[in-house]
$ cat query24.txt   # compact mmCIF, C-alpha atoms and all ligand atoms
# COMPACT_ATOMS: atom_id res chain seq x y z
CA MET O 1 10.67 -23.79 -3.99
CA PHE O 2 11.51 -20.08 -4.05
CA LYS O 3 14.59 -20.00 -6.27
CA LYS O 4 15.54 -16.50 -7.51
CA LYS O 5 12.50 -14.99 -5.72
CA THR O 6 13.04 -12.13 -3.29
CA ALA O 7 11.12 -11.44 -0.08
CA TRP O 8 10.90 -8.85 2.63
CA PHE O 9 9.99 -9.92 6.16
CA SER O 10 8.46 -7.72 8.82
CA GLY O 11 9.97 -7.85 12.30
CA SER O 12 6.70 -9.50 13.37
CA VAL O 13 7.48 -12.69 11.41
CA ARG O 14 9.19 -15.45 13.42
CA ARG O 15 12.71 -16.41 12.43
CA GLY O 16 11.89 -20.00 11.52
CA ILE O 17 9.81 -18.78 8.57
CA ARG O 18 12.67 -16.68 7.26
CA SER O 19 15.09 -19.62 7.50
CA PHE O 20 12.59 -21.79 5.60
CA TRP O 21 12.43 -19.17 2.81
CA VAL O 22 16.22 -19.02 2.54
CA SER O 23 16.63 -22.80 2.78
CA GLU O 24 14.29 -23.17 -0.22
CA GLY O 25 16.46 -20.87 -2.34
CA GLY O 26 14.68 -17.55 -1.64
CA LEU O 27 16.53 -14.29 -1.23
CA ILE O 28 15.95 -11.48 1.28
CA SER O 29 15.67 -7.90 0.04
CA ARG O 30 14.36 -4.42 0.88
CA TRP O 31 10.58 -4.00 0.79
CA LYS O 32 10.76 -1.63 -2.18
CA SER O 33 12.31 -4.24 -4.44
CA ALA O 34 11.04 -7.53 -2.96
CA ASP O 35 8.72 -9.77 -4.99
CA TYR O 36 6.87 -10.91 -1.85
CA LEU O 37 6.19 -9.01 1.35
CA PHE O 38 5.42 -10.99 4.50
CA SER O 39 4.18 -9.81 7.87
CA ASP O 40 2.28 -11.33 10.80
CA ASP O 41 0.96 -8.08 12.18
CA ALA O 42 -0.63 -5.20 10.26
CA THR O 43 -0.18 -2.92 13.28
CA CYS O 44 3.61 -3.51 13.42
CA HIS O 45 5.31 -0.18 12.55
CA ASP O 46 7.33 -1.60 9.61
CA THR O 47 4.13 -2.98 8.05
CA LYS O 48 2.02 0.11 8.80
CA ARG O 49 4.65 2.20 7.01
CA ILE O 50 4.06 0.21 3.82
CA PHE O 51 0.30 0.83 3.98
CA ASP O 52 1.05 4.57 4.06
CA THR O 53 2.94 4.59 0.76
CA ASP O 54 1.94 5.59 -2.74
CA ASP O 55 2.71 2.00 -3.83
CA TYR O 56 -0.09 0.70 -1.61
CA ALA O 57 -2.55 3.47 -2.53
CA ARG O 58 -1.93 2.74 -6.22
CA ASP O 59 -2.33 -1.07 -6.10
CA ARG O 60 1.37 -1.80 -6.51
CA VAL O 61 1.91 -3.72 -3.29
CA THR O 62 0.13 -6.44 -1.29
CA VAL O 63 1.34 -7.77 2.04
CA PHE O 64 0.83 -11.48 2.74
CA HIS O 65 0.69 -13.28 6.08
CA SER O 66 3.63 -15.57 6.74
CA ALA O 67 1.16 -18.39 7.43
CA PHE O 68 1.29 -18.84 3.65
CA LEU O 69 4.89 -20.05 3.96
CA SER O 70 3.97 -22.31 6.88
CA ALA O 71 1.27 -23.87 4.69
CA CYS O 72 3.80 -24.36 1.84
CA GLN O 73 6.16 -26.00 4.32
CA VAL O 74 3.48 -28.38 5.59
CA ARG O 75 2.31 -29.35 2.08
CA ASN O 76 5.83 -29.23 0.65
CA SER O 77 4.42 -27.33 -2.32
CA VAL O 78 3.81 -23.76 -3.50
CA LYS O 79 1.37 -24.52 -6.27
CA SER O 80 -1.27 -26.11 -4.05
CA VAL O 81 -1.49 -23.16 -1.64
CA PRO O 82 -3.56 -20.21 -2.95
CA ILE O 83 -1.55 -17.17 -1.86
CA GLY O 84 -4.62 -14.95 -2.30
CA HIS O 85 -6.16 -16.43 0.87
CA TYR O 86 -3.24 -15.09 2.89
CA VAL O 87 -3.61 -11.36 2.18
CA LEU O 88 -2.83 -9.23 5.24
CA PRO O 89 -4.70 -5.94 4.77
CA PRO O 90 -4.40 -2.89 7.06
CA PHE O 91 -6.01 -3.29 10.49
CA SER O 92 -9.02 -1.07 9.69
CA VAL O 93 -9.80 -3.21 6.62
CA GLN O 94 -9.43 -6.39 8.68
CA LYS O 95 -11.97 -5.12 11.20
CA GLU O 96 -14.53 -4.27 8.52
CA LEU O 97 -14.01 -7.53 6.66
CA LYS O 98 -14.30 -9.67 9.77
CA ALA O 99 -17.74 -8.21 10.41
CA VAL O 100 -18.87 -9.54 7.01
CA ILE O 101 -16.72 -12.59 6.31
CA GLY O 102 -15.72 -13.93 9.71
CA ARG O 103 -12.16 -14.96 10.45
CA PHE O 104 -9.16 -14.78 8.15
CA ILE O 105 -7.53 -18.04 7.13
CA TRP O 106 -4.34 -17.17 8.97
CA GLU O 107 -6.34 -16.80 12.16
CA HIS O 108 -7.37 -20.46 11.77
CA ASP O 109 -3.74 -21.36 11.13
CA LYS O 110 -2.53 -19.51 14.21
CA SER O 111 -3.81 -22.19 16.57
CA GLN O 112 -2.19 -24.91 14.43
CA GLN O 113 1.12 -23.02 14.45
CA GLY O 114 0.90 -22.72 18.22
CA GLU O 115 0.46 -26.47 18.51
CA GLN O 116 3.37 -27.09 16.13
CA ARG O 117 5.66 -24.78 18.05
CA GLU O 118 4.78 -26.40 21.35
CA GLY O 119 5.24 -29.84 19.80
CA SER O 120 8.66 -29.12 18.25
CA CYS K 1 -9.55 -27.51 0.94
CA THR K 2 -9.28 -24.70 3.47
CA PRO K 3 -12.28 -23.73 5.60
CA LEU K 4 -12.30 -20.26 4.09
CA SER K 5 -12.09 -21.36 0.49
CA THR K 6 -14.89 -23.89 0.83
CA ALA K 7 -17.11 -21.32 2.52
CA HIS K 8 -16.51 -18.46 0.14
CA SER K 9 -14.84 -19.63 -3.03
CA HIS K 10 -16.07 -18.79 -6.47
CA PRO K 11 -14.92 -21.39 -8.99
CA ARG K 12 -13.30 -18.70 -11.12
CA CYS K 13 -12.04 -16.20 -8.52
CA ALA K 14 -8.49 -15.07 -9.40
CA GLY K 15 -7.74 -14.48 -5.72
CA CYS K 16 -8.55 -18.13 -4.94
CA MET K 17 -7.03 -19.68 -8.08
CA CYS K 18 -3.65 -17.98 -8.50
CA SER K 19 -0.59 -19.62 -7.00
CA ALA K 20 2.49 -17.77 -5.77
CA GLU K 21 4.17 -18.75 -9.04
CA GLU K 22 1.63 -16.69 -10.97
CA VAL K 23 1.23 -13.67 -8.70
CA ASP K 24 3.38 -11.83 -6.16
CA SER K 25 3.06 -8.76 -3.91
CA ARG K 26 3.48 -6.47 -6.92
CA VAL K 27 0.76 -7.78 -9.21
CA PHE K 28 -1.79 -9.38 -6.89
CA SER K 29 -3.96 -6.25 -6.49
CA ALA K 30 -4.08 -5.63 -10.23
CA GLU K 31 -4.93 -9.30 -10.83
CA LEU K 32 -7.83 -9.09 -8.36
CA ARG K 33 -9.05 -5.86 -9.92
CA SER K 34 -9.09 -7.33 -13.42
CA CYS K 35 -11.01 -10.46 -12.39
CA GLN K 36 -14.74 -10.53 -13.18
CA TYR K 37 -15.64 -13.44 -10.91
CA LEU K 38 -14.59 -12.75 -7.36
CA CYS K 39 -15.67 -14.78 -4.35
CA ASP K 40 -17.32 -13.04 -1.36
CA PHE K 41 -14.05 -12.74 0.49
CA HIS K 42 -12.03 -11.22 -2.37
CA LEU K 43 -14.89 -8.99 -3.49
CA HIS K 44 -15.26 -7.51 -0.01
CA LEU K 45 -11.50 -7.25 0.36
CA LEU K 46 -11.27 -5.32 -2.91
CA GLN K 47 -14.18 -3.02 -2.04
CA THR K 48 -12.99 -2.25 1.49
CA GLU K 49 -9.41 -1.65 0.37
CA ASN K 50 -10.70 0.55 -2.49
CA GLN K 51 -12.41 2.86 -0.01
CA LEU K 52 -9.25 3.14 2.07
CA LYS K 53 -7.01 3.63 -0.97
CA THR K 54 -9.24 6.40 -2.36
CA CYS K 55 -9.00 8.16 1.02
CA LEU K 56 -5.23 7.64 1.12
CA ARG K 57 -4.75 9.08 -2.38
CA GLN K 58 -6.80 12.16 -1.50
CA HIS K 59 -4.81 12.67 1.72
CA ARG K 60 -1.51 12.30 -0.10
CA ALA K 61 -2.57 14.80 -2.78
CA LEU K 62 -3.67 17.27 -0.09
CA ARG K 63 -0.40 16.78 1.77
CA GLY K 64 1.55 17.50 -1.44
CA HIS K 65 -0.56 20.58 -2.14
CA LEU K 66 0.00 21.97 1.39
CA VAL K 67 3.75 21.44 1.15
CA LEU K 68 3.84 23.28 -2.19
CA GLN K 69 1.73 26.13 -0.82
CA TRP K 70 3.96 26.41 2.25
CA THR K 71 7.11 26.49 0.10
CA VAL K 72 5.74 29.21 -2.19
CA THR K 73 4.59 31.31 0.79
CA ARG K 74 8.02 30.95 2.41
CA LEU K 75 9.70 31.94 -0.85
CA ILE K 76 7.58 35.07 -1.23
CA GLU K 77 8.00 35.97 2.46
CA GLY K 78 11.74 35.47 2.13
CA LEU K 79 12.04 37.87 -0.80
CA GLU K 80 11.73 41.58 -0.07
CA TRP K 81 8.62 43.24 -1.40
CA ASP K 82 10.36 45.42 -4.05
CA ARG K 83 12.41 42.47 -5.21
CA THR K 84 9.30 40.31 -5.51
CA GLY K 85 7.53 43.12 -7.38
CA GLY K 86 10.58 43.64 -9.56
CA LEU K 87 10.78 39.93 -10.28
CA ILE K 88 7.13 39.82 -11.33
CA LEU K 89 7.54 42.96 -13.46
CA GLY K 90 10.71 41.54 -14.97
CA LEU K 91 8.99 38.31 -15.80
CA GLY K 92 6.10 40.39 -17.19
CA LEU K 93 8.50 42.19 -19.51
CA VAL K 94 9.68 38.90 -20.89
CA TRP K 95 6.16 37.74 -21.64
CA ASP K 96 3.60 40.53 -21.84
CA TRP K 97 2.61 43.65 -19.92
CA GLU K 98 -1.04 42.88 -19.44
CA TRP K 99 -0.26 39.64 -17.64
CA SER K 100 2.29 41.22 -15.27
CA GLY K 101 -0.04 44.16 -14.51
CA GLN K 102 -2.79 41.72 -13.63
CA LEU K 103 -0.45 39.67 -11.42
CA MET K 104 0.92 42.78 -9.68
CA TRP K 105 -2.61 43.92 -8.96
CA GLU K 106 -3.59 40.52 -7.52
CA PHE K 107 -0.44 40.32 -5.45
CA LEU K 108 -0.87 43.87 -4.08
CA SER K 109 -4.53 43.37 -3.19
CA SER K 110 -3.78 40.04 -1.48
CA THR K 111 -0.97 41.51 0.66
CA VAL K 112 -3.12 44.52 1.54
CA SER K 113 -6.09 42.36 2.53
CA GLU K 114 -3.79 40.10 4.58
CA LYS K 115 -2.42 43.11 6.51
CA GLN K 116 -5.95 44.34 7.27
ZN ZN O 201 -11.57 -15.64 -3.98

$ encode --input "query24.txt" --output "structure tokens"
Amino acid sequence: MFKKKTAWFSGSVRRGIRSFWVSEGGLISRWKSADYLFSDDATCHDTKRIFDTDDYARDRVTVFHSAFLSACQVRNSVKSVPIGHYVLPPFSVQKELKAVIGRFIWEHDKSQQGEQREGS
Amino acid sequence: CTPLSTAHSHPRCAGCMCSAEEVDSRVFSAELRSCQYLCDFHLHLLQTENQLKTCLRQHRALRGHLVLQWTVTRLIEGLEWDRTGGLILGLGLVWDWEWSGQLMWEFLSSTVSEKQ
């Protein structure tokens, strides 16, 4: 699924997700050079650091929630999961957005993940 | 379909249409910015992030400016007064006298006003 693609994972992402990425042919790299950046927590220091860079301020980096990979795993497909629904913006942006939009998609997924983890 | 996409999707929103094979962490923001038909979610996301990014860019520019100012001040403080004056005069000789006289005057008046 992720052949020749590189990803960076925040410390907040659970290990199972990382193993799934690697098992599907993905590579792990530094955040500066990775094609995809995944985190589960915008307040985690390694993710916050990215939001404080010139790359972020100049539209050159977007962090995605790892729930995207969980969804790919469940559907066994990348194409059918719109990655744009899994954007993980800085915490202050999340707060403002939630007031207008409601919950993020990965907040819906969180309860499903919890059930899966308990089940497995 | 996901609860969020059914509630907010615009049929032509790039944020909702693009798959991970088409966009990644490096190009997603630019893709969103260039799209004319954004859904509520992606439009608000773009607008809210824009505000933050504008703030961030201003802060970073200010930080850079302060560091530069600090370095120049340190450099001038580190050099003795006659050597600084000599350096400015020397530089003035290379270019032109009027410019160095002006600079010397400004430098002198600023150090005098600082001491008062
Ligand atoms: Zn959208």

$ closest_atom_pairs --input "query24.txt" --of "chain O" --to "ligand ZN 201 (chain O)" --cutoff "12 Å" --atoms "all atoms listed in the file" --output "Markdown table"
| residue | atom | partner | partner_atom | distance |
| --- | --- | --- | --- | --- |
| O:Pro82 | CA | O:ZN201 | ZN | 9.3 |
| O:Ile83 | CA | O:ZN201 | ZN | 10.4 |
| O:Gly84 | CA | O:ZN201 | ZN | 7.2 |
| O:His85 | CA | O:ZN201 | ZN | 7.3 |
| O:Tyr86 | CA | O:ZN201 | ZN | 10.8 |
| O:Val87 | CA | O:ZN201 | ZN | 10.9 |
| O:Ile101 | CA | O:ZN201 | ZN | 11.9 |

$ residues_around --input "query24.txt" --residues "range 30-35 of chain O" --least-positions-apart "4" --cutoff "10 Å" --atoms "all atoms listed in the file" --output "ChimeraX atom specification"
/O:4-10,46-47,50,55,61-62 /K:23-27

$ atom_distance --input "query24.txt" --atom1 "CA of Pro11 in chain K" --atom2 "CA of Phe104 in chain O"
19.3 Å

$ atom_distance --input "query24.txt" --atom1 "CA of Glu107 in chain O" --atom2 "CA of Leu38 in chain K"
21.6 Å

$ interface_residues --input "query24.txt" --of "chain K" --to "chain O" --cutoff "10 Å" --atoms "only C-alpha atoms" --output "PDB file with C-alpha atoms, in the frame of the given file"
ATOM      1  CA  CYS K   1      -9.550 -27.510   0.940  1.00  0.00           C
ATOM      2  CA  THR K   2      -9.280 -24.700   3.470  1.00  0.00           C
ATOM      3  CA  PRO K   3     -12.280 -23.730   5.600  1.00  0.00           C
ATOM      4  CA  LEU K   4     -12.300 -20.260   4.090  1.00  0.00           C
ATOM      5  CA  SER K   5     -12.090 -21.360   0.490  1.00  0.00           C
ATOM      6  CA  ALA K   7     -17.110 -21.320   2.520  1.00  0.00           C
ATOM      7  CA  HIS K   8     -16.510 -18.460   0.140  1.00  0.00           C
ATOM      8  CA  CYS K  13     -12.040 -16.200  -8.520  1.00  0.00           C
ATOM      9  CA  ALA K  14      -8.490 -15.070  -9.400  1.00  0.00           C
ATOM     10  CA  GLY K  15      -7.740 -14.480  -5.720  1.00  0.00           C
ATOM     11  CA  CYS K  16      -8.550 -18.130  -4.940  1.00  0.00           C
ATOM     12  CA  MET K  17      -7.030 -19.680  -8.080  1.00  0.00           C
ATOM     13  CA  CYS K  18      -3.650 -17.980  -8.500  1.00  0.00           C
ATOM     14  CA  SER K  19      -0.590 -19.620  -7.000  1.00  0.00           C
ATOM     15  CA  ALA K  20       2.490 -17.770  -5.770  1.00  0.00           C
ATOM     16  CA  GLU K  21       4.170 -18.750  -9.040  1.00  0.00           C
ATOM     17  CA  GLU K  22       1.630 -16.690 -10.970  1.00  0.00           C
ATOM     18  CA  VAL K  23       1.230 -13.670  -8.700  1.00  0.00           C
ATOM     19  CA  ASP K  24       3.380 -11.830  -6.160  1.00  0.00           C
ATOM     20  CA  SER K  25       3.060  -8.760  -3.910  1.00  0.00           C
ATOM     21  CA  ARG K  26       3.480  -6.470  -6.920  1.00  0.00           C
ATOM     22  CA  VAL K  27       0.760  -7.780  -9.210  1.00  0.00           C
ATOM     23  CA  PHE K  28      -1.790  -9.380  -6.890  1.00  0.00           C
ATOM     24  CA  SER K  29      -3.960  -6.250  -6.490  1.00  0.00           C
ATOM     25  CA  ALA K  30      -4.080  -5.630 -10.230  1.00  0.00           C
ATOM     26  CA  GLU K  31      -4.930  -9.300 -10.830  1.00  0.00           C
ATOM     27  CA  LEU K  32      -7.830  -9.090  -8.360  1.00  0.00           C
ATOM     28  CA  ARG K  33      -9.050  -5.860  -9.920  1.00  0.00           C
ATOM     29  CA  ASP K  40     -17.320 -13.040  -1.360  1.00  0.00           C
ATOM     30  CA  PHE K  41     -14.050 -12.740   0.490  1.00  0.00           C
ATOM     31  CA  HIS K  42     -12.030 -11.220  -2.370  1.00  0.00           C
ATOM     32  CA  HIS K  44     -15.260  -7.510  -0.010  1.00  0.00           C
ATOM     33  CA  LEU K  45     -11.500  -7.250   0.360  1.00  0.00           C
ATOM     34  CA  LEU K  46     -11.270  -5.320  -2.910  1.00  0.00           C
ATOM     35  CA  GLN K  47     -14.180  -3.020  -2.040  1.00  0.00           C
ATOM     36  CA  THR K  48     -12.990  -2.250   1.490  1.00  0.00           C
ATOM     37  CA  GLU K  49      -9.410  -1.650   0.370  1.00  0.00           C
ATOM     38  CA  ASN K  50     -10.700   0.550  -2.490  1.00  0.00           C
ATOM     39  CA  GLN K  51     -12.410   2.860  -0.010  1.00  0.00           C
ATOM     40  CA  LEU K  52      -9.250   3.140   2.070  1.00  0.00           C
ATOM     41  CA  LYS K  53      -7.010   3.630  -0.970  1.00  0.00           C
ATOM     42  CA  THR K  54      -9.240   6.400  -2.360  1.00  0.00           C
ATOM     43  CA  CYS K  55      -9.000   8.160   1.020  1.00  0.00           C
ATOM     44  CA  LEU K  56      -5.230   7.640   1.120  1.00  0.00           C
ATOM     45  CA  ARG K  57      -4.750   9.080  -2.380  1.00  0.00           C
ATOM     46  CA  GLN K  58      -6.800  12.160  -1.500  1.00  0.00           C
ATOM     47  CA  ARG K  60      -1.510  12.300  -0.100  1.00  0.00           C
TER      48      ARG K  60
END

$ axis_aligned_box --input "query24.txt" --around "range 10-22 of chain O" --padding-each-side "4 Å" --output "AutoDock Vina command-line options"
--center_x 11.5 --center_y -14.8 --center_z 8.0 --size_x 17.5 --size_y 22.1 --size_z 18.9

$ closest_residue --input "query24.txt" --among "O:His65, O:Arg75, O:Lys48, O:Lys95" --to "Ile17 in chain O" --atoms "only C-alpha atoms"
O:His65

$ atom_distance --input "query24.txt" --atom1 "CA of Val13 in chain O" --atom2 "CA of Phe91 in chain O"
16.5 Å

$ closest_residue --input "query24.txt" --among "O:Arg49, O:Ala99, O:Ser66, O:Cys44" --to "Trp21 in chain O" --atoms "all atoms listed in the file"
O:Ser66
